Amino acid sequence: MTATAPPRTSASAPHPRDQHLIHVIPPIPHRAEIALLIAAVVLGGIVRAGHILASDFPLNDGGMFYAFAADLQRSGFRLPEVTSYNYADIPFAYSPLGFYVAALIDALTPASLMDLFRILPWLYSTAAVAAFALLARRILVAQPAVIGATLAFALIPRSFMWLLMGGGVARGLGLTCALLAMHEAHRLYTEGRTRSILTGGVLSAATVLAHVETGWFLAFTTVVFWVAFGRTRRTFAYSVALAAVGGVLTAPWWIAVASMHGLAPFIEANASGGNVLSGMTLARETFLSIARITSTSEPLFPLIGALGLLGGLLALRQRHPVLPIWWVTIILLDLRAYPTFTTIPVALMAGLAISQVVLPLAHIIWERALLPARIAEAHADAPWLRVSRGAALLAIGMLVYSTFGAMLRAPGMAGEAVYLVGLTRDERTAMQWIRANTPEDARILITPRGPWQVDKESEWFPVLAERQSVATVQGTEWTDFASAVRAYDGAWQCGYQLVDCLGHWRTQNEIDYDYIWVPWTEQGQCCGTLVTSLRNSNAYRVVYDGAGGTIFARGRESNSFALALPRRADLTSPARR
């Protein structure tokens with residue numbers, strides 16, 4: 001007996017009192033809608049390409065992931081027990097799908113692995129816009145809402161910021177797969193399409209295998225969708241089957257990791273995130289995040305964030321609260337990555353505001369007060385072309401403003417977009433000097449100049465210099481994350497104090513080092529007080545002072561003998577052979 005599919009519900013189903021606003025904008029032909037959605041995806045790709053092309057090196061982070069991909073190549077694509085990254089015996093417990101993809105493409109094509117860490121994040125981030133458009137067409141009813149939401153997602157800086165960085169080889173692939181999995185989950189719950197159990201399960205597994213944190217986001221989002229769109233015994237059984245497919249397909253990975261390391265890496269990784277239940281400090285930060293309303297990282301006035309708030313109020317008024325609830329749920333359950341994930345419901349809610357308030361009101365004002373009758377008569381046979389000049393001008397103005405904001409990287413104006421930069425050639429020169437002129441077992445302290453999440457010098461250093469960076473946090477998610485963060489923050493504070501601070505830091509954290517590198521970045525050299533103190537100290541001496549910063553050796557030992565030492569041939573990545 002064939003089951004009857006449940007009726008399709010939508011987060012944007014209008015309240016009866018709002019019908020006069022929605023139907024002011026006539027329906028758009030299907031081909032025109034598809035063309036506009038494609039244009040939105042292309043625009044998103046152009047904006048993202050602008051950031052990628054501004055640097056000849058992967059943006060910001062990705063050094064640890066680069067090492068993972070190189071490790072897979074050296075191991076013959078078998079999952080290694082530990083990674084070579086930073087010579088710290090870090091378990092190779094990270095979701096490996098993105099690294100396999102990059103390593104295989106590098107092995108099969110002329111593209112270098114370093115080039116792929118620029119290209120793949122751009123491709124994944126652009127594909128995420130297309131995947132979002134598919135999801136928006138299912139959740140939203142009105143065509144202007146779908147188009148507006150897709151444009152909003154394409155242009156919210158936070159929707160692509162962390163996906164465009166070198167680490168986007170994992171994050172970007174994970175979010176794209178998650179959006180497609182949500183599309184299948186919505187189809188499963190609203191249409192009863194059982195084939196979506198298989199496709200959704202495969203996409204869910206791909207999400208977890210690409211980026212485990214995005215897998216957590218997908219898991220609780222699926223629960224939200226079930227509550228909002230399904231909530232029957234049959235759809236509950238579908239959900240169990242969906243989870244079973246995903247669990248079976250991811251089993252080879254997590255069983256392999258557990259057999260080598262036990263459950264400790266997963267427990268440590270879970271503790272490095274955080275949610276409203278993780279303690280009073282995180283609970284306070286969570287509720288402050290909700291109070292701030294939006295986290296879109298838009299420069300100047302957060303236009304899309306404000307439209308998202310308006311759309312959320314509309315959804316609550318129309319008694320379809322799934323989008324606001326989803327937005328709050330993301331903040332409550334994933335404090336570390338919520339600014340990226342909340343861009344999805346925020347963009348959907350912005351689409352509601354655009355279609356139900358902004359464009360209709362502009363259209364009504366223009367048509368009733370300013371539109372000449374002859375223009376209305378000229379488009380009588382094509383009513384969708386009669387979108388008034390006022391609405392069109394307003395839409396174009398908003399689009400230009402948001403596009404400008406999405407491409408802006410000016411310090412002091414662009415918010416977090418200032419981090420969309422790669423290592424400079426001078427910084428790479430300093431790392432090459434360290435690789436050529438220090439002992440292979442040298443331990444280097446890189447003076448932090450900002451939060452560890454965006455310290456590109458610390459993350460790429462172990463790969464390019466082939467030396468251990470004693471304060472690098474990346475990778476410790478699987479070992480002792482809290483201690484690593486405390487040590488990094490302490491080194492960051494020492495950067496603005498005298499040399500005695502470094503002695504206290506070594507003793508307190510039980511971390512020793514042989515050299516200190518104070519980088520010269522695109523903003524100049526930080527830590528002037530510490531640099532002056534180091535220059536005047538008898539315990540340190542300058543061994544390099546040129547492109548990329550200043551390097552101090554601790555003690556009086558000479559480094560000239562390092563030139564004769566053999567290289568670490570086994571740790572040289574294929575991209576540099």
# chains A, B, ... in the order shown; residues from 1 in each chain; ligands from 1

$ residues_around --residues "range 203-215 of chain A" --least-positions-apart "4" --cutoff "7 Å" --atoms "only C-alpha atoms" --output "ChimeraX atom specification"
/A:95-98,170-171,173-175,177-178,180-181,199,219,246,249-250

$ residues_around --residues "Thr529 in chain A" --least-positions-apart "5" --cutoff "8 Å" --atoms "only C-alpha atoms" --output "ChimeraX atom specification"
/A:495-498

$ closest_residue --among "A:Leu163, A:Val41, A:Ala67, A:Ile325" --to "Phe461 in chain A" --atoms "only C-alpha atoms"
A:Ala67

$ closest_residue --among "A:Ala442, A:Ile156, A:Ile551, A:Cys526" --to "Thr340 in chain A" --atoms "only C-alpha atoms"
A:Ile156

$ residues_around --residues "range 416-433 of chain A" --least-positions-apart "2" --cutoff "6 Å" --atoms "only C-alpha atoms" --output "NGL selection string"
:A and (55 or 57-60 or 409 or 411 or 414 or 435-437 or 465 or 547-548)
